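A.B. asks: Got a file for you: my_file.txt, compact mmCIF, C-alpha atoms.
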# COMPACT_ATOMS: atom_id res chain seq x y z
CA MET M 878 209.56 5.49 -2.45
CA LYS M 879 210.68 2.04 -3.43
CA LYS M 880 209.45 0.88 -6.84
CA LEU M 881 207.32 -2.23 -6.48
CA SER M 882 207.48 -5.13 -8.90
CA LEU M 883 204.49 -6.02 -11.10
CA ILE M 884 203.69 -9.16 -9.13
CA HIS M 885 204.02 -7.43 -5.78
CA SER M 886 201.74 -4.54 -6.85
CA ALA M 887 199.21 -7.02 -8.24
CA TYR M 888 199.31 -8.85 -4.91
CA ILE M 889 198.52 -5.58 -3.11
CA VAL M 890 195.52 -5.02 -5.42
CA PHE M 891 194.43 -8.57 -4.62
CA LEU M 892 194.72 -7.95 -0.85
CA LYS M 893 192.76 -4.71 -1.19
CA ASP M 894 189.97 -6.57 -3.05
CA LEU M 895 189.98 -9.29 -0.43
CA HIS M 896 189.48 -6.71 2.33
CA VAL M 897 186.72 -4.91 0.44
CA GLU M 898 185.04 -8.24 -0.35
CA PHE M 899 184.94 -9.28 3.30
CA ARG M 900 183.28 -6.01 4.20
CA SER M 901 180.19 -6.82 2.10
CA ARG M 902 180.72 -10.49 1.12
CA TYR M 903 178.66 -9.80 -2.01
CA ALA M 904 180.55 -11.94 -4.54
CA VAL M 905 181.17 -14.77 -2.07
CA ASN M 906 177.47 -14.94 -1.18
CA ALA M 907 176.37 -14.73 -4.80
CA ILE M 908 178.65 -17.44 -6.13
CA PHE M 909 178.30 -19.94 -3.24
CA LEU M 910 174.53 -19.59 -2.86
CA PHE M 911 173.99 -19.80 -6.60
CA ALA M 912 176.05 -23.00 -6.81
CA ILE M 913 174.27 -24.59 -3.86
CA THR M 914 170.81 -23.61 -5.16
CA THR M 915 171.53 -25.08 -8.60
CA LEU M 916 173.00 -28.24 -7.11
CA THR M 917 169.98 -28.71 -4.84
CA ALA M 918 167.60 -28.13 -7.75
CA ILE M 919 169.36 -30.79 -9.83
CA SER M 920 169.58 -33.25 -6.95
CA PHE M 921 165.91 -32.78 -6.02
CA SER M 922 164.67 -33.24 -9.56
CA MET M 923 166.77 -36.37 -10.10
CA GLY M 924 165.71 -38.00 -6.82
CA PRO M 925 167.22 -41.44 -6.35
CA ILE M 926 168.19 -41.87 -10.03
CA ARG M 927 171.90 -42.57 -10.52
CA LEU M 928 173.17 -40.65 -13.52
CA ARG M 929 175.93 -41.75 -15.86
CA SER M 930 179.13 -39.74 -16.30
CA GLU M 931 177.92 -38.56 -19.75
CA ILE M 932 175.27 -36.53 -17.90
CA LEU M 933 177.12 -35.79 -14.66
CA ALA M 934 180.10 -34.10 -16.34
CA PRO M 935 177.97 -31.53 -18.26
CA LEU M 936 175.85 -30.87 -15.16
CA LEU M 937 178.96 -30.14 -13.07
CA TRP M 938 180.29 -27.71 -15.68
CA ILE M 939 176.92 -26.00 -16.07
CA ILE M 940 176.89 -25.38 -12.30
CA LEU M 941 180.46 -24.06 -12.40
CA PHE M 942 179.84 -21.85 -15.45
CA PHE M 943 176.67 -20.19 -14.22
CA SER M 944 178.00 -19.78 -10.68
CA SER M 945 180.99 -17.94 -12.13
CA MET M 946 178.59 -15.83 -14.16
CA SER M 947 176.72 -14.85 -10.99
CA GLY M 948 179.72 -13.75 -8.96
CA LEU M 949 182.88 -13.08 -10.96
CA ALA M 950 181.71 -9.86 -12.64
CA HIS M 951 181.42 -8.12 -9.29
CA ILE M 952 185.16 -7.48 -9.09
CA PHE M 953 184.98 -4.80 -11.80
CA VAL M 954 181.32 -3.79 -11.48
CA ARG M 955 181.93 -2.78 -7.85
CA GLU M 956 184.75 -0.44 -8.80
CA GLU M 957 182.48 1.39 -11.25
CA GLU M 958 179.42 1.43 -8.97
CA GLN M 959 181.29 2.73 -5.92
CA GLN M 960 183.22 5.11 -8.18
CA THR M 961 186.58 3.88 -6.97
CA ALA M 962 187.75 2.94 -10.47
CA ASP M 963 189.21 6.37 -11.26
CA THR M 964 191.39 6.35 -8.16
CA LEU M 965 192.68 2.93 -9.12
CA ARG M 966 193.36 4.19 -12.65
CA LEU M 967 195.49 6.99 -11.25
CA LEU M 968 197.34 4.87 -8.71
CA THR M 969 198.61 1.97 -10.74
CA SER M 970 199.12 0.49 -14.22
CA PRO M 971 196.41 -1.48 -16.07
CA ASN M 972 198.35 -4.76 -15.96
CA VAL M 973 198.68 -4.59 -12.19
CA VAL M 974 194.92 -4.07 -11.83
CA PHE M 975 194.12 -6.92 -14.20
CA LEU M 976 196.49 -9.40 -12.59
CA GLY M 977 195.26 -8.55 -9.08
CA LYS M 978 191.64 -8.97 -10.02
CA TRP M 979 192.31 -12.10 -12.07
CA PHE M 980 194.04 -13.64 -9.06
CA PHE M 981 191.10 -12.70 -6.82
CA ASN M 982 188.61 -14.35 -9.19
CA MET M 983 190.78 -17.47 -9.37
CA VAL M 984 190.90 -17.75 -5.59
CA LEU M 985 187.13 -17.25 -5.42
CA LEU M 986 186.42 -19.90 -8.07
CA PHE M 987 188.84 -22.42 -6.54
CA SER M 988 187.40 -22.01 -3.06
CA LEU M 989 183.94 -22.57 -4.56
CA GLU M 990 185.14 -25.76 -6.23
CA ILE M 991 186.78 -27.11 -3.08
CA LEU M 992 183.35 -26.99 -1.46
CA ILE M 993 180.97 -27.70 -4.34
CA VAL M 994 182.72 -30.51 -6.24
CA PRO M 995 182.83 -32.99 -3.31
CA VAL M 996 179.24 -32.10 -2.36
CA PHE M 997 178.17 -32.60 -5.98
CA LEU M 998 179.84 -36.02 -6.15
CA ALA M 999 178.30 -37.07 -2.83
CA MET M 1000 174.79 -35.86 -3.63
CA MET M 1001 174.74 -37.40 -7.10
CA GLY M 1002 176.32 -40.61 -5.85
CA ALA M 1003 179.03 -40.37 -8.49
CA VAL M 1004 182.19 -42.45 -8.56
CA VAL M 1005 185.34 -40.91 -10.02
CA GLY M 1006 187.39 -43.56 -11.78
CA SER M 1007 190.70 -41.68 -11.73
CA PRO M 1008 190.77 -38.78 -9.24
CA GLY M 1009 194.14 -37.38 -10.37
CA PRO M 1010 193.13 -36.40 -13.93
CA PHE M 1011 189.69 -35.35 -12.61
CA ILE M 1012 191.19 -32.76 -10.25
CA VAL M 1013 193.68 -31.51 -12.85
CA VAL M 1014 190.95 -31.06 -15.52
CA ILE M 1015 188.74 -29.10 -13.10
CA PHE M 1016 191.72 -27.03 -11.93
CA ILE M 1017 193.01 -26.04 -15.37
CA GLY M 1018 189.44 -25.65 -16.67
CA SER M 1019 188.60 -23.13 -13.98
CA LEU M 1020 191.85 -21.30 -14.72
CA GLY M 1021 190.47 -20.71 -18.22
CA LEU M 1022 186.99 -19.91 -16.95
CA ALA M 1023 188.27 -17.35 -14.43
CA SER M 1024 190.48 -15.71 -17.09
CA VAL M 1025 187.61 -15.31 -19.55
CA ALA M 1026 185.26 -14.11 -16.79
CA THR M 1027 187.70 -11.46 -15.54
CA LEU M 1028 188.31 -10.07 -19.03
CA ILE M 1029 184.60 -9.97 -19.93
CA ALA M 1030 183.79 -8.50 -16.48
CA ALA M 1031 186.09 -5.58 -17.29
CA ILE M 1032 184.16 -4.97 -20.54
CA ILE M 1033 180.65 -5.20 -19.12
CA SER M 1034 181.42 -3.07 -16.05
CA GLN M 1035 181.32 -0.10 -18.43
CA ALA M 1036 178.02 -1.05 -20.10
CA SER M 1037 174.42 -0.95 -18.94
CA ALA M 1038 172.37 -4.16 -18.32
CA LYS M 1039 175.51 -5.73 -16.80
CA GLY M 1040 174.07 -8.94 -15.34
CA ALA M 1041 172.36 -10.21 -18.47
CA LEU M 1042 175.18 -9.14 -20.73
CA PHE M 1043 177.88 -10.96 -18.78
CA ALA M 1044 176.69 -14.50 -19.53
CA VAL M 1045 175.80 -13.60 -23.14
CA LEU M 1046 179.30 -12.27 -23.84
CA ALA M 1047 181.21 -14.86 -21.85
CA PHE M 1048 179.44 -17.95 -23.19
CA PRO M 1049 180.80 -18.08 -26.77
CA ILE M 1050 184.32 -17.26 -25.54
CA SER M 1051 184.31 -19.89 -22.78
CA LEU M 1052 182.92 -22.65 -25.02
CA PRO M 1053 186.40 -24.16 -25.67
CA VAL M 1054 186.78 -24.51 -21.87
CA LEU M 1055 183.32 -25.99 -21.48
CA ILE M 1056 183.59 -28.49 -24.35
CA SER M 1057 187.09 -29.72 -23.41
CA GLY M 1058 186.34 -29.55 -19.68
CA ILE M 1059 183.22 -31.68 -20.05
CA HIS M 1060 185.03 -34.15 -22.31
CA GLY M 1061 187.99 -34.43 -19.94
CA THR M 1062 185.84 -34.70 -16.82
CA GLN M 1063 183.78 -37.45 -18.39
CA LEU M 1064 186.91 -39.37 -19.43
CA SER M 1065 188.39 -39.17 -15.94
CA MET M 1066 185.13 -40.22 -14.28
CA ASN M 1067 185.16 -43.32 -16.46
CA GLY M 1068 188.71 -44.08 -15.30
CA GLY M 1069 190.65 -42.47 -18.15
CA THR M 1070 194.38 -41.96 -17.58
CA PHE M 1071 196.42 -38.76 -17.97
CA SER M 1072 197.59 -39.79 -21.44
CA GLU M 1073 194.01 -40.33 -22.64
CA GLY M 1074 192.95 -36.93 -21.34
CA MET M 1075 196.07 -35.16 -22.59
CA PRO M 1076 194.47 -33.52 -25.70
CA ASP M 1077 191.80 -31.97 -23.47
CA LEU M 1078 194.36 -30.79 -20.93
CA GLN M 1079 196.49 -29.32 -23.71
CA VAL M 1080 193.51 -27.36 -25.08
CA LEU M 1081 192.51 -26.14 -21.61
CA PHE M 1082 196.04 -25.09 -20.72
CA SER M 1083 196.89 -23.38 -24.02
CA PHE M 1084 193.50 -21.65 -24.04
CA SER M 1085 194.12 -20.21 -20.57
CA ILE M 1086 197.56 -18.96 -21.59
CA VAL M 1087 196.21 -17.41 -24.81
CA ILE M 1088 193.36 -15.64 -23.00
CA LEU M 1089 195.68 -14.38 -20.27
CA THR M 1090 198.18 -13.01 -22.82
CA LEU M 1091 195.38 -11.42 -24.82
CA SER M 1092 193.97 -9.89 -21.63
CA LEU M 1093 197.27 -8.26 -20.76
CA LEU M 1094 197.49 -6.87 -24.31
CA LEU M 1095 193.90 -5.62 -24.53
CA PHE M 1096 193.09 -4.65 -20.96
CA GLU M 1097 194.68 -1.24 -21.32
CA PHE M 1098 192.13 -0.34 -24.02
CA ILE M 1099 189.26 -1.39 -21.78
CA TRP M 1100 190.56 0.23 -18.63
CA ARG M 1101 191.80 3.64 -19.84
CA LYS M 1102 189.08 6.20 -20.48
CA MET T 1099 174.82 4.95 -68.92
CA LEU T 1100 177.04 1.89 -69.05
CA LEU T 1101 180.16 4.09 -69.03
CA ASP T 1102 179.08 5.37 -65.65
CA LYS T 1103 181.12 3.73 -62.87
CA SER T 1104 178.24 1.64 -61.62
CA TRP T 1105 178.23 -0.52 -64.76
CA TRP T 1106 179.46 -3.51 -62.77
CA LYS T 1107 176.24 -3.50 -60.76
CA TYR T 1108 174.20 -4.24 -63.88
CA LEU T 1109 176.70 -6.89 -64.83
CA LEU T 1110 176.38 -8.43 -61.37
CA GLY T 1111 172.59 -8.61 -61.79
CA ILE T 1112 172.95 -10.51 -65.06
CA TRP T 1113 175.72 -12.69 -63.65
CA MET T 1114 173.71 -13.74 -60.60
CA THR T 1115 170.65 -14.48 -62.71
CA ALA T 1116 172.83 -16.74 -64.85
CA VAL T 1117 174.18 -18.45 -61.73
CA ILE T 1118 170.66 -19.13 -60.40
CA LEU T 1119 169.50 -20.50 -63.76
CA GLY T 1120 172.70 -22.54 -64.09
CA ALA T 1121 172.28 -23.98 -60.59
CA PHE T 1122 168.90 -25.46 -61.54
CA LEU T 1123 169.17 -26.11 -65.28
CA TYR T 1124 172.81 -26.47 -66.30
CA ALA T 1125 174.53 -28.33 -63.45
CA PRO T 1126 173.86 -32.09 -63.22
CA PRO T 1127 172.64 -33.65 -59.93
CA ALA T 1128 175.51 -34.89 -57.74
CA LYS T 1129 176.33 -38.57 -57.28
CA GLY T 1130 174.80 -39.96 -54.10
CA LEU T 1131 173.12 -36.75 -52.99
CA GLY T 1132 170.91 -36.31 -56.06
CA GLU T 1133 168.91 -33.11 -56.64
CA THR T 1134 169.41 -31.85 -53.07
CA ALA T 1135 173.08 -31.18 -53.86
CA ARG T 1136 172.01 -28.07 -55.79
CA ILE T 1137 171.84 -26.22 -52.48
CA ILE T 1138 175.65 -26.18 -52.51
CA PHE T 1139 175.54 -23.29 -55.02
CA PHE T 1140 173.83 -21.08 -52.42
CA HIS T 1141 174.77 -22.62 -49.09
CA VAL T 1142 178.56 -22.65 -49.47
CA PRO T 1143 178.85 -19.00 -50.68
CA THR T 1144 176.73 -17.77 -47.75
CA ALA T 1145 178.82 -19.75 -45.24
CA TRP T 1146 182.03 -18.48 -46.84
CA LEU T 1147 180.81 -14.87 -46.65
CA ALA T 1148 179.74 -15.24 -43.02
CA THR T 1149 183.34 -16.24 -42.26
CA LEU T 1150 184.86 -13.55 -44.47
CA ALA T 1151 182.71 -10.86 -42.81
CA PHE T 1152 183.86 -12.07 -39.41
CA LEU T 1153 187.49 -11.74 -40.55
CA ILE T 1154 186.90 -8.24 -41.96
CA SER T 1155 185.18 -7.23 -38.74
CA ALA T 1156 188.14 -8.45 -36.67
CA ILE T 1157 190.63 -6.60 -38.92
CA GLY T 1158 188.52 -3.43 -38.67
CA SER T 1159 188.47 -3.78 -34.89
CA LEU T 1160 192.23 -4.21 -34.73
CA GLN T 1161 192.75 -1.16 -36.92
CA TYR T 1162 190.38 0.82 -34.72
CA LEU T 1163 192.34 0.00 -31.58
CA ARG T 1164 195.59 0.95 -33.32
CA THR T 1165 194.47 4.24 -34.85
CA GLN T 1166 191.33 5.25 -32.90
CA GLN T 1167 189.74 6.40 -36.17
CA LYS T 1168 185.95 6.22 -36.28
CA LYS T 1169 185.89 4.88 -39.86
CA TYR T 1170 187.42 1.55 -38.80
CA ASP T 1171 184.68 1.06 -36.22
CA ILE T 1172 182.14 1.67 -38.99
CA TRP T 1173 183.93 -0.97 -41.09
CA ALA T 1174 183.86 -3.51 -38.30
CA TYR T 1175 180.24 -2.83 -37.43
CA SER T 1176 179.04 -2.95 -41.07
CA ALA T 1177 180.90 -6.18 -41.78
CA ALA T 1178 179.40 -7.76 -38.67
CA GLN T 1179 175.87 -6.70 -39.66
CA ILE T 1180 176.12 -8.12 -43.17
CA GLY T 1181 177.98 -11.17 -41.84
CA LEU T 1182 175.07 -11.89 -39.52
CA ILE T 1183 172.64 -11.94 -42.47
CA PHE T 1184 174.83 -14.43 -44.32
CA ALA T 1185 175.37 -16.55 -41.21
CA ILE T 1186 171.59 -16.83 -40.74
CA LEU T 1187 171.16 -17.69 -44.44
CA ALA T 1188 173.86 -20.38 -44.22
CA THR T 1189 172.24 -21.85 -41.11
CA VAL T 1190 168.76 -21.92 -42.66
CA THR T 1191 169.85 -23.39 -46.01
CA GLY T 1192 172.02 -25.97 -44.24
CA SER T 1193 169.22 -26.87 -41.88
CA ILE T 1194 166.71 -27.40 -44.70
CA TRP T 1195 169.18 -29.64 -46.49
CA ALA T 1196 169.90 -31.57 -43.26
CA LYS T 1197 166.17 -32.27 -42.86
CA LYS T 1198 166.08 -33.76 -46.36
CA ILE T 1199 169.24 -35.89 -46.03
CA TRP T 1200 169.62 -36.63 -42.29
CA GLN T 1201 165.85 -36.46 -41.43
CA SER T 1202 166.48 -33.80 -38.79
CA TYR T 1203 166.78 -30.03 -38.95
CA TRP T 1204 169.41 -29.92 -36.26
CA ASN T 1205 171.73 -32.57 -34.81
CA TRP T 1206 174.89 -30.76 -33.61
CA ASP T 1207 177.07 -31.84 -36.46
CA PRO T 1208 180.49 -30.07 -36.11
CA ARG T 1209 179.59 -27.66 -38.87
CA GLU T 1210 176.24 -26.87 -37.31
CA THR T 1211 178.02 -26.33 -34.00
CA SER T 1212 180.58 -23.98 -35.58
CA ILE T 1213 178.01 -21.82 -37.38
CA PHE T 1214 175.95 -21.72 -34.19
CA ILE T 1215 178.97 -20.42 -32.25
CA LEU T 1216 179.50 -17.81 -34.97
CA LEU T 1217 175.86 -16.70 -34.58
CA LEU T 1218 176.30 -16.51 -30.80
CA ILE T 1219 179.40 -14.33 -31.17
CA TYR T 1220 177.63 -11.98 -33.59
CA ALA T 1221 174.62 -11.77 -31.25
CA ALA T 1222 176.86 -11.01 -28.26
CA TYR T 1223 178.68 -8.35 -30.28
CA PHE T 1224 175.42 -6.54 -31.09
CA ALA T 1225 174.12 -6.96 -27.53
CA LEU T 1226 177.30 -5.31 -26.26
CA ARG T 1227 177.03 -2.41 -28.72
CA SER T 1228 173.42 -1.74 -27.79
CA ALA T 1229 174.32 -1.60 -24.07
CA ILE T 1230 176.90 1.22 -24.31
CA ASP T 1231 175.83 4.82 -24.89
CA VAL T 1232 179.09 6.74 -25.32
CA GLU T 1233 180.26 6.37 -28.94
CA GLU T 1234 184.00 6.03 -28.24
CA GLN T 1235 183.42 3.51 -25.46
CA LYS T 1236 181.09 1.52 -27.71
CA ALA T 1237 183.63 1.40 -30.52
CA LYS T 1238 186.53 0.56 -28.23
CA LEU T 1239 184.87 -2.16 -26.15
CA SER T 1240 183.19 -3.87 -29.09
CA ALA T 1241 186.52 -3.86 -30.93
CA VAL T 1242 188.15 -5.58 -27.96
CA TYR T 1243 185.36 -8.14 -27.81
CA SER T 1244 185.58 -8.82 -31.53
CA ILE T 1245 189.32 -9.53 -31.25
CA ILE T 1246 188.85 -11.87 -28.25
CA ALA T 1247 186.16 -13.77 -30.15
CA PHE T 1248 188.37 -14.02 -33.22
CA VAL T 1249 191.29 -15.47 -31.26
CA THR T 1250 189.15 -18.29 -29.80
CA VAL T 1251 188.13 -19.55 -33.27
CA PRO T 1252 191.26 -21.73 -33.90
CA PHE T 1253 190.44 -23.64 -30.71
CA PHE T 1254 187.07 -24.63 -32.09
CA ILE T 1255 188.68 -25.95 -35.26
CA PHE T 1256 190.80 -28.25 -33.10
CA ILE T 1257 188.26 -29.23 -30.42
CA ILE T 1258 184.97 -29.72 -32.21
CA PRO T 1259 185.96 -32.54 -34.61
CA ARG T 1260 187.47 -34.39 -31.61
CA VAL T 1261 184.24 -34.42 -29.63
CA TYR T 1262 181.55 -34.56 -32.30
CA GLU T 1263 181.54 -36.80 -35.35
CA SER T 1264 180.69 -35.31 -38.71
CA LEU T 1265 178.36 -36.47 -41.46
CA HIS T 1266 178.80 -33.26 -43.42
CA PRO T 1267 179.97 -33.74 -47.03
CA ASP T 1268 183.63 -32.87 -47.53
CA PRO T 1269 184.37 -29.23 -48.08
CA LEU T 1270 185.69 -28.18 -51.46
CA ILE T 1271 189.26 -28.40 -50.23
CA ASN T 1272 189.25 -31.76 -48.45
CA PRO T 1273 192.13 -33.53 -46.69
CA GLU T 1274 192.95 -35.54 -49.81
CA GLY T 1275 193.33 -32.27 -51.71
CA GLU T 1276 191.17 -33.31 -54.65
CA ILE T 1277 188.04 -31.71 -55.98
CA LYS T 1278 185.20 -34.21 -56.17
CA MET T 1279 182.93 -32.19 -58.40
CA ASP T 1280 181.60 -32.66 -61.88
CA GLY T 1281 183.03 -30.11 -64.36
CA ARG T 1282 179.73 -28.34 -65.00
CA MET T 1283 178.92 -28.27 -61.27
CA LEU T 1284 182.31 -26.74 -60.59
CA GLN T 1285 181.74 -24.00 -63.20
CA VAL T 1286 178.46 -22.96 -61.63
CA PHE T 1287 179.91 -23.27 -58.13
CA ILE T 1288 182.93 -21.02 -58.80
CA ASN T 1289 180.73 -18.46 -60.55
CA SER T 1290 178.32 -18.50 -57.64
CA LEU T 1291 181.10 -18.05 -55.11
CA LEU T 1292 182.58 -15.09 -57.01
CA SER T 1293 179.28 -13.35 -57.72
CA PHE T 1294 178.12 -13.71 -54.13
CA THR T 1295 181.44 -12.27 -52.92
CA LEU T 1296 181.01 -9.28 -55.24
CA LEU T 1297 177.46 -8.84 -53.95
CA PHE T 1298 178.82 -8.90 -50.41
CA PHE T 1299 181.33 -6.15 -51.09
CA TRP T 1300 178.62 -4.06 -52.73
CA MET T 1301 176.41 -4.47 -49.66
CA LEU T 1302 179.35 -3.65 -47.40
CA GLN T 1303 180.16 -0.53 -49.39
CA LEU T 1304 176.52 0.64 -49.21
CA LYS T 1305 176.37 0.02 -45.47
CA ILE T 1306 179.63 1.87 -44.79
CA LYS T 1307 178.55 4.79 -46.98
CA THR T 1308 175.17 5.03 -45.20
CA LEU T 1309 176.80 5.04 -41.77
CA LEU T 1310 179.37 7.66 -42.81
CA ILE T 1311 176.61 9.94 -44.14
CA GLN T 1312 174.60 9.36 -40.97
CA GLN T 1313 177.63 10.28 -38.87
CA HIS T 1314 178.20 13.40 -40.96
CA ILE T 1315 174.56 14.53 -40.54
CA GLU T 1316 174.72 14.00 -36.79
CA GLN T 1317 177.92 16.04 -36.52
CA THR T 1318 176.56 18.97 -38.54
CA HIS T 1319 173.28 18.80 -36.64
CA HIS T 1320 175.02 19.14 -33.28
CA ARG T 1321 176.88 22.29 -34.28
Take the structure I supplied and represent it as structure tokens, if you would.

C.D. replies:
Amino acid sequence: MKKLSLIHSAYIVFLKDLHVEFRSRYAVNAIFLFAITTLTAISFSMGPIRLRSEILAPLLWIILFFSSMSGLAHIFVREEEQQTADTLRLLTSPNVVFLGKWFFNMVLLFSLEILIVPVFLAMMGAVVGSPGPFIVVIFIGSLGLASVATLIAAIISQASAKGALFAVLAFPISLPVLISGIHGTQLSMNGGTFSEGMPDLQVLFSFSIVILTLSLLLFEFIWRK
Amino acid sequence: MLLDKSWWKYLLGIWMTAVILGAFLYAPPAKGLGETARIIFFHVPTAWLATLAFLISAIGSLQYLRTQQKKYDIWAYSAAQIGLIFAILATVTGSIWAKKIWQSYWNWDPRETSIFILLLIYAAYFALRSAIDVEEQKAKLSAVYSIIAFVTVPFFIFIIPRVYESLHPDPLINPEGEIKMDGRMLQVFINSLLSFTLLFFWMLQLKIKTLLIQQHIEQTHHR
């Protein structure tokens, strides 16, 4: 049998998760419906009031954070609940599993954002001063968010009271993403340039890299029984 | 009795009494802050110990993952428990002082934000431990979480001052590198810091010993 590379094996794990996901559509339903419900609740309660970017940016990130919390844990929780985790443990290395599942969560979060961010801006009547930095901040921010969520999901899938625990554990760790993401989003909505938002982008990017490296180092301890 | 190896505990009692008396009677009020500055003798040591406990907990966790020895998990867990007490004390003393000086118990000053994040991390750590039944799993997963939390801390040091402005008085080691304290204040302050640290290690030792005995009893009981 030909030996597969790390990336290729991870891609196969990703494809497998994609197939399983489209059988039940659990995570997709959870994350999209949660985001839409929250957005509607905010839009309803605000009515015709036009909010400033100081309020819009935190609201957008709160929607993104809690939507991730509602759907991104499923990737590992499902393996434990359907008792398929042991087979996966036997078949492939921990890093392959982590990278595959991390990639799946990223794709899920990005597809949510492609839908929810334009709808959010339209419903709240927001104007984005500089769209370029805005998109980049959201993109790199969700890279960090998805990395934290995947790592914490792996931890909580082996604990009881999974749903409540996920947000509690992920919140302090994802605070650097939230604080810098909100700051950067607000800057770009007010027309800030790339150079003005650079410190935020640097934090978001380096944070994502650090969490990803840490995940690859620590995941083996979480995954192996 | 004093030749017994617990002599330092009696000494610590006398030392801390002297520190408390010194904080109120010997040290002069600080310039600008007046009598309220006396809280520094209790607030700063508690904040320092909350941080130190967090560090010890992270080192214990790392050692646990390397060696898989139960004693390191007990270290990490004990340090986190005592650290939580000191973090709460630092928050409460700081908050009381903030009410007096800034007219508000809480206003998301960078230092308030940092200690709040520390409290959140401790709370999450204990929530995780209480949700896992198997001992090895509990030790392993909480060690991993503790290390992840520890690695995110440098980011806060960089981010928070950028976003929030601070009114907090300069820490002892400020950017200018000079100590802005009266001589007598400094004497009491250093003594307080050292005696509180000794108290912390005593508490930590007691906690570790209790947990080891508890573990021993459980093991013999199961046989």

A.B. asks: So that each row is one residue of chain M with an atom at most 6 Å from chain T, can you give its shortest atom pair and the distance in Å to one decimal, using all atoms listed in the file, rows by chain and rising number, as a Markdown table?

C.D. replies:
| residue | atom | partner | partner_atom | distance |
| --- | --- | --- | --- | --- |
| M:Ala1036 | CA | T:Ile1230 | CA | 4.9 |
| M:Ser1037 | CA | T:Ala1229 | CA | 5.2 |
| M:Val1045 | CA | T:Ala1222 | CA | 5.8 |
| M:Leu1046 | CA | T:Ala1222 | CA | 5.2 |
| M:Pro1049 | CA | T:Ile1219 | CA | 5.9 |

A.B. asks: May I ask for the distance between CA of Leu1094 in chain M and CA of Asn972 in chain M, given in Å to one decimal place?

C.D. replies: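 CA of Leu1094 in chain M sits 8.7 Å away from CA of Asn972 in chain M.
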
A.B. asks: Would you kindly return, as a list of chain:residue names, each protein, DNA or RNA residue with an atom no farther than 7 Å from any atom of Pro971 in chain M, considering all atoms listed in the file and excluding same-chain residues fewer than 2 positions away?

C.D. replies: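 After dropping sequence-adjacent residues, the list is M:Thr969, M:Val973, M:Val974, M:Phe975, M:Phe1096, M:Glu1097, M:Trp1100.
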
A.B. asks: Quick one: of T:Ala1185, T:Ile1112, T:Ala1145, T:Ala1174, who's nearest to Ser1159 in chain T, counting only C-alpha atoms?

C.D. replies: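 Selected residue with least distance to Ser1159 in chain T: T:Ala1174.
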
A.B. asks: Tell me, as a PyMOL selection string, which residues lie within 6 Å of range 1116-1128 of chain T, counting only C-alpha atoms; anything in the same chain fewer than 6 positions away does not count.

C.D. replies: chain T and resi 1135+1282-1283+1290

A.B. asks: At a cut-off of 12 Å, using all atoms listed in the file, what residues contact Leu1296 in chain T? Leave out same-chain residues fewer than 3 positions from it and give the result as a list in words.

C.D. replies: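 What passes the distance filter is Trp1106, Lys1107, Leu1109, Leu1110, Gly1111, Trp1113, Met1114, Pro1143, Leu1147, Asn1289, Ser1290, Leu1291, Leu1292, Ser1293, Phe1299, Trp1300, Met1301, Leu1302 and Gln1303 of chain T.
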
A.B. asks: Which of these residues is nearest to Val1013 in chain M, using all atoms listed in the file: M:Phe980, M:Phe1082, M:Phe899, M:Phe1043?

C.D. replies: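 Looking only at the distances to Val1013 in chain M, the closest residue turns out to be M:Phe1082.
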
A.B. asks: In Å, rounded to a single decimal, give me how far CA of Ile1017 in chain M is from CA of Ser947 in chain M.

C.D. replies: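 We find that CA of Ser947 in chain M and CA of Ile1017 in chain M lie 20.2 Å from each other.
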
A.B. asks: From the list M:Gln1063, M:Ser1007, M:Ser882, M:Ser1051, which residue is nearest Ile932 in chain M when using all atoms listed in the file?

C.D. replies: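 That would be M:Gln1063, the residue with the smallest distance to Ile932 in chain M.
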
A.B. asks: Given the choices T:Thr1165, T:Thr1134, T:Thr1191, T:Ser1176, which gets closest to Ala1151 in chain T if the distance is worked out from all atoms listed in the file?

C.D. replies: T:Ser1176

A.B. asks: Please check which residues have atoms at most 12 Å from (181.9, -16.1, -46.3) in the file's coordinates, counting only C-alpha atoms, and write them as an MDAnalysis selection string.

C.D. replies: chainID T and resid 1140:1154 1177:1178 1180:1188 1213 1216 1291:1292 1294:1299

A.B. asks: Would you mind reading off the distance between CA of Gln1313 in chain T and CA of Glu1233 in chain T, one decimal, in Å?

C.D. replies: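 Distance reported for this atom pair: 11.0 Å.
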
A.B. asks: With all atoms listed in the file as the counted atoms, please give the residues lying no more than 10 Å from Phe997 in chain M, apart from itself and same-chain residues fewer than 5 positions off, as an mmCIF file with C-alpha atoms, in the frame of the given file.

C.D. replies:
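Okay, part.cif is ready:
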data_model
loop_
_atom_site.group_PDB
_atom_site.id
_atom_site.type_symbol
_atom_site.label_atom_id
_atom_site.label_comp_id
_atom_site.auth_asym_id
_atom_site.auth_seq_id
_atom_site.Cartn_x
_atom_site.Cartn_y
_atom_site.Cartn_z
ATOM 1 C CA ALA M 912 176.050 -23.000 -6.810
ATOM 2 C CA ILE M 913 174.270 -24.590 -3.860
ATOM 3 C CA LEU M 916 173.000 -28.240 -7.110
ATOM 4 C CA THR M 917 169.980 -28.710 -4.840
ATOM 5 C CA ILE M 919 169.360 -30.790 -9.830
ATOM 6 C CA SER M 920 169.580 -33.250 -6.950
ATOM 7 C CA LEU M 933 177.120 -35.790 -14.660
ATOM 8 C CA LEU M 936 175.850 -30.870 -15.160
ATOM 9 C CA LEU M 937 178.960 -30.140 -13.070
ATOM 10 C CA ILE M 940 176.890 -25.380 -12.300
ATOM 11 C CA GLU M 990 185.140 -25.760 -6.230
ATOM 12 C CA LEU M 992 183.350 -26.990 -1.460
ATOM 13 C CA GLY M 1002 176.320 -40.610 -5.850
ATOM 14 C CA ALA M 1003 179.030 -40.370 -8.490
#
